[in-house]
Amino acid sequence: MTENDRDPIRLLAIREAPLSLDEVYAAVGDDAAGGTAVFVGTVRDHDGGKPVAALEYSAHPTAEQELRRIAEKIVAEFPVCALAAVHRVGRLEITDQAVIVAVSCPHRGEAFAAARRLIDDLKHEVPIWKHQVFTDGEEEWVGAGSC
């Protein structure tokens, strides 16, 4: 076991490249885990009853630091074996993966609860903004806390 394997926070990133579900799932593999919960957020074709053409995500330079703070809080509150979270920035098209989080824990209930808290806190506290472009040409910015 390497030193990195002992840290339950296995993968945290904010990146422009397309996200990989396989990468995130592999990051939370752990022999002590009896349950793994994964959430994938994708770009949908509508918001607030209006058709969406595309999204563009922007992140504050402190976004990864805030993501780490949230991950550390989750690890302190739940019996986490391993945790991973990645969020994409840049232009995304309909059905693209915008965010993937995964948590493995000794039991499924703990994994579900920890993953739910991780995605909820990420969406409310990490300074990432969503610029929505609607098919009618209108645009809207949505900040952390309302995505």
# chains A, B, ... in the order shown; residues from 1 in each chain; ligands from 1
$ residues_around --residues "Ala37 in chain A" --least-positions-apart "2" --cutoff "10 Å" --atoms "only C-alpha atoms" --output "list in words"
Tyr25, Val28, Gly35, Phe39, Leu83, Val101, Ala102, Val103, Ser104, Cys105, Arg108, Gly109, Glu110, Ala111, Phe112, Ala113, Ala114, Ala115 and Arg116 of chain A
$ select_by_dssp --residues "range 41-104 of chain A" --states "strand (DSSP E or B)" --output "number ranges by chain"
A: 41-42, 46-47, 50-59, 82-88, 90-93, 97-104
$ residues_around --residues "Glu16 in chain A" --least-positions-apart "3" --cutoff "6 Å" --atoms "only C-alpha atoms" --output "ChimeraX atom specification"
/A:88-90
$ write_last_selection --atoms "N, CA and C atoms" --output "PDB file, in the first residue's frame"
ATOM      1  N   ARG A  88     -16.357  19.401 -14.634  1.00  0.00           N
ATOM      2  CA  ARG A  88     -15.855  19.900 -15.902  1.00  0.00           C
ATOM      3  C   ARG A  88     -16.110  21.392 -16.023  1.00  0.00           C
ATOM      4  N   VAL A  89     -15.211  22.096 -16.693  1.00  0.00           N
ATOM      5  CA  VAL A  89     -15.404  23.495 -17.049  1.00  0.00           C
ATOM      6  C   VAL A  89     -15.247  23.619 -18.562  1.00  0.00           C
ATOM      7  N   GLY A  90     -15.669  24.767 -19.077  1.00  0.00           N
ATOM      8  CA  GLY A  90     -15.639  24.978 -20.516  1.00  0.00           C
ATOM      9  C   GLY A  90     -17.012  24.725 -21.110  1.00  0.00           C
TER      10      GLY A  90
END
$ residues_around --residues "Leu118 in chain A" --least-positions-apart "5" --cutoff "8 Å" --atoms "only C-alpha atoms" --output "list in words"
Ile70, Ala71, Ile74 and Val101 of chain A
$ closest_residue --among "A:Ile14, A:Pro106, A:Leu19, A:Arg6" --to "Ala32 in chain A" --atoms "only C-alpha atoms"
A:Pro106
$ closest_residue --among "A:Asp121, A:Glu66, A:Asp31, A:Asp136" --to "His46 in chain A" --atoms "only C-alpha atoms"
A:Asp136
$ residues_around --residues "Pro61 in chain A" --least-positions-apart "4" --cutoff "10 Å" --atoms "only C-alpha atoms" --output "MDAnalysis selection string"
chainID A and resid 65:66 127:128
$ select_by_dssp --residues "chain A" --states "helix (DSSP H, G or I)" --output "MDAnalysis selection string"
chainID A and resid 3:6 21:27 63:77 108:125
$ decode --residues "range 91-105 of chain A" --atoms "all heavy atoms" --output "PDB file, in the first residue's frame"
ATOM      1  N   ARG A  91     -17.072  24.673 -22.434  1.00  0.00           N
ATOM      2  CA  ARG A  91     -18.348  24.473 -23.133  1.00  0.00           C
ATOM      3  C   ARG A  91     -18.724  22.999 -23.136  1.00  0.00           C
ATOM      4  O   ARG A  91     -17.915  22.142 -23.499  1.00  0.00           O
ATOM      5  CB  ARG A  91     -18.272  24.992 -24.560  1.00  0.00           C
ATOM      6  CG  ARG A  91     -19.623  24.918 -25.262  1.00  0.00           C
ATOM      7  CD  ARG A  91     -19.570  25.594 -26.617  1.00  0.00           C
ATOM      8  NE  ARG A  91     -20.806  25.413 -27.357  1.00  0.00           N
ATOM      9  CZ  ARG A  91     -21.832  26.250 -27.323  1.00  0.00           C
ATOM     10  NH1 ARG A  91     -21.782  27.326 -26.578  1.00  0.00           N
ATOM     11  NH2 ARG A  91     -22.922  26.017 -28.036  1.00  0.00           N
ATOM     12  N   LEU A  92     -19.960  22.715 -22.741  1.00  0.00           N
ATOM     13  CA  LEU A  92     -20.493  21.359 -22.745  1.00  0.00           C
ATOM     14  C   LEU A  92     -21.756  21.328 -23.581  1.00  0.00           C
ATOM     15  O   LEU A  92     -22.532  22.287 -23.599  1.00  0.00           O
ATOM     16  CB  LEU A  92     -20.830  20.895 -21.319  1.00  0.00           C
ATOM     17  CG  LEU A  92     -19.648  20.467 -20.453  1.00  0.00           C
ATOM     18  CD1 LEU A  92     -18.822  21.630 -20.001  1.00  0.00           C
ATOM     19  CD2 LEU A  92     -20.163  19.704 -19.246  1.00  0.00           C
ATOM     20  N   GLU A  93     -21.955  20.223 -24.251  1.00  0.00           N
ATOM     21  CA  GLU A  93     -23.130  20.019 -25.079  1.00  0.00           C
ATOM     22  C   GLU A  93     -24.153  19.163 -24.320  1.00  0.00           C
ATOM     23  O   GLU A  93     -23.844  18.555 -23.297  1.00  0.00           O
ATOM     24  CB  GLU A  93     -22.740  19.335 -26.390  1.00  0.00           C
ATOM     25  CG  GLU A  93     -21.686  20.090 -27.198  1.00  0.00           C
ATOM     26  CD  GLU A  93     -22.115  21.476 -27.645  1.00  0.00           C
ATOM     27  OE1 GLU A  93     -23.325  21.695 -27.888  1.00  0.00           O
ATOM     28  OE2 GLU A  93     -21.235  22.359 -27.751  1.00  0.00           O
ATOM     29  N   ILE A  94     -25.353  19.075 -24.836  1.00  0.00           N
ATOM     30  CA  ILE A  94     -26.409  18.265 -24.244  1.00  0.00           C
ATOM     31  C   ILE A  94     -25.897  16.817 -24.117  1.00  0.00           C
ATOM     32  O   ILE A  94     -25.274  16.303 -25.034  1.00  0.00           O
ATOM     33  CB  ILE A  94     -27.702  18.316 -25.093  1.00  0.00           C
ATOM     34  CG1 ILE A  94     -28.146  19.764 -25.317  1.00  0.00           C
ATOM     35  CG2 ILE A  94     -28.807  17.471 -24.476  1.00  0.00           C
ATOM     36  CD1 ILE A  94     -28.347  20.590 -24.075  1.00  0.00           C
ATOM     37  N   THR A  95     -26.147  16.202 -22.995  1.00  0.00           N
ATOM     38  CA  THR A  95     -25.759  14.845 -22.565  1.00  0.00           C
ATOM     39  C   THR A  95     -24.310  14.726 -22.096  1.00  0.00           C
ATOM     40  O   THR A  95     -23.933  13.677 -21.583  1.00  0.00           O
ATOM     41  CB  THR A  95     -26.040  13.732 -23.610  1.00  0.00           C
ATOM     42  OG1 THR A  95     -25.113  13.818 -24.680  1.00  0.00           O
ATOM     43  CG2 THR A  95     -27.483  13.778 -24.111  1.00  0.00           C
ATOM     44  N   ASP A  96     -23.488  15.780 -22.229  1.00  0.00           N
ATOM     45  CA  ASP A  96     -22.122  15.705 -21.698  1.00  0.00           C
ATOM     46  C   ASP A  96     -22.166  15.571 -20.177  1.00  0.00           C
ATOM     47  O   ASP A  96     -23.066  16.105 -19.516  1.00  0.00           O
ATOM     48  CB  ASP A  96     -21.321  16.967 -22.046  1.00  0.00           C
ATOM     49  CG  ASP A  96     -20.809  16.997 -23.466  1.00  0.00           C
ATOM     50  OD1 ASP A  96     -20.911  15.970 -24.178  1.00  0.00           O
ATOM     51  OD2 ASP A  96     -20.304  18.067 -23.878  1.00  0.00           O
ATOM     52  N   GLN A  97     -21.174  14.890 -19.630  1.00  0.00           N
ATOM     53  CA  GLN A  97     -21.047  14.761 -18.180  1.00  0.00           C
ATOM     54  C   GLN A  97     -20.423  16.039 -17.621  1.00  0.00           C
ATOM     55  O   GLN A  97     -19.332  16.432 -18.028  1.00  0.00           O
ATOM     56  CB  GLN A  97     -20.188  13.559 -17.822  1.00  0.00           C
ATOM     57  CG  GLN A  97     -20.783  12.254 -18.268  1.00  0.00           C
ATOM     58  CD  GLN A  97     -19.813  11.089 -18.118  1.00  0.00           C
ATOM     59  OE1 GLN A  97     -18.611  11.260 -17.994  1.00  0.00           O
ATOM     60  NE2 GLN A  97     -20.361   9.890 -18.145  1.00  0.00           N
ATOM     61  N   ALA A  98     -21.117  16.665 -16.676  1.00  0.00           N
ATOM     62  CA  ALA A  98     -20.638  17.902 -16.073  1.00  0.00           C
ATOM     63  C   ALA A  98     -19.934  17.650 -14.748  1.00  0.00           C
ATOM     64  O   ALA A  98     -18.992  18.369 -14.391  1.00  0.00           O
ATOM     65  CB  ALA A  98     -21.803  18.864 -15.859  1.00  0.00           C
ATOM     66  N   VAL A  99     -20.385  16.650 -14.003  1.00  0.00           N
ATOM     67  CA  VAL A  99     -19.811  16.360 -12.691  1.00  0.00           C
ATOM     68  C   VAL A  99     -19.990  14.879 -12.389  1.00  0.00           C
ATOM     69  O   VAL A  99     -21.016  14.286 -12.751  1.00  0.00           O
ATOM     70  CB  VAL A  99     -20.464  17.237 -11.592  1.00  0.00           C
ATOM     71  CG1 VAL A  99     -21.958  16.988 -11.480  1.00  0.00           C
ATOM     72  CG2 VAL A  99     -19.784  17.058 -10.246  1.00  0.00           C
ATOM     73  N   ILE A 100     -18.982  14.298 -11.748  1.00  0.00           N
ATOM     74  CA  ILE A 100     -19.073  12.915 -11.279  1.00  0.00           C
ATOM     75  C   ILE A 100     -18.497  12.873  -9.874  1.00  0.00           C
ATOM     76  O   ILE A 100     -17.391  13.355  -9.639  1.00  0.00           O
ATOM     77  CB  ILE A 100     -18.297  11.920 -12.172  1.00  0.00           C
ATOM     78  CG1 ILE A 100     -18.739  12.010 -13.627  1.00  0.00           C
ATOM     79  CG2 ILE A 100     -18.465  10.491 -11.641  1.00  0.00           C
ATOM     80  CD1 ILE A 100     -17.884  11.183 -14.588  1.00  0.00           C
ATOM     81  N   VAL A 101     -19.265  12.309  -8.940  1.00  0.00           N
ATOM     82  CA  VAL A 101     -18.762  12.067  -7.589  1.00  0.00           C
ATOM     83  C   VAL A 101     -18.989  10.597  -7.250  1.00  0.00           C
ATOM     84  O   VAL A 101     -19.943   9.981  -7.728  1.00  0.00           O
ATOM     85  CB  VAL A 101     -19.422  12.972  -6.521  1.00  0.00           C
ATOM     86  CG1 VAL A 101     -19.227  14.443  -6.849  1.00  0.00           C
ATOM     87  CG2 VAL A 101     -20.884  12.669  -6.344  1.00  0.00           C
ATOM     88  N   ALA A 102     -18.098  10.072  -6.432  1.00  0.00           N
ATOM     89  CA  ALA A 102     -18.236   8.681  -5.982  1.00  0.00           C
ATOM     90  C   ALA A 102     -17.652   8.563  -4.590  1.00  0.00           C
ATOM     91  O   ALA A 102     -16.642   9.201  -4.262  1.00  0.00           O
ATOM     92  CB  ALA A 102     -17.528   7.728  -6.935  1.00  0.00           C
ATOM     93  N   VAL A 103     -18.308   7.746  -3.777  1.00  0.00           N
ATOM     94  CA  VAL A 103     -17.845   7.486  -2.421  1.00  0.00           C
ATOM     95  C   VAL A 103     -18.026   6.009  -2.127  1.00  0.00           C
ATOM     96  O   VAL A 103     -19.088   5.441  -2.398  1.00  0.00           O
ATOM     97  CB  VAL A 103     -18.641   8.310  -1.381  1.00  0.00           C
ATOM     98  CG1 VAL A 103     -18.152   8.020   0.032  1.00  0.00           C
ATOM     99  CG2 VAL A 103     -18.561   9.799  -1.675  1.00  0.00           C
ATOM    100  N   SER A 104     -16.987   5.394  -1.571  1.00  0.00           N
ATOM    101  CA  SER A 104     -17.120   4.019  -1.095  1.00  0.00           C
ATOM    102  C   SER A 104     -17.000   4.029   0.427  1.00  0.00           C
ATOM    103  O   SER A 104     -16.232   4.801   1.000  1.00  0.00           O
ATOM    104  CB  SER A 104     -16.070   3.103  -1.727  1.00  0.00           C
ATOM    105  OG  SER A 104     -14.769   3.506  -1.395  1.00  0.00           O
ATOM    106  N   CYS A 105     -17.823   3.195   1.058  1.00  0.00           N
ATOM    107  CA  CYS A 105     -17.896   3.095   2.512  1.00  0.00           C
ATOM    108  C   CYS A 105     -18.098   1.623   2.880  1.00  0.00           C
ATOM    109  O   CYS A 105     -18.413   0.802   2.017  1.00  0.00           O
ATOM    110  CB  CYS A 105     -19.080   3.895   3.052  1.00  0.00           C
ATOM    111  SG  CYS A 105     -18.931   5.688   2.884  1.00  0.00           S
TER     112      CYS A 105
END
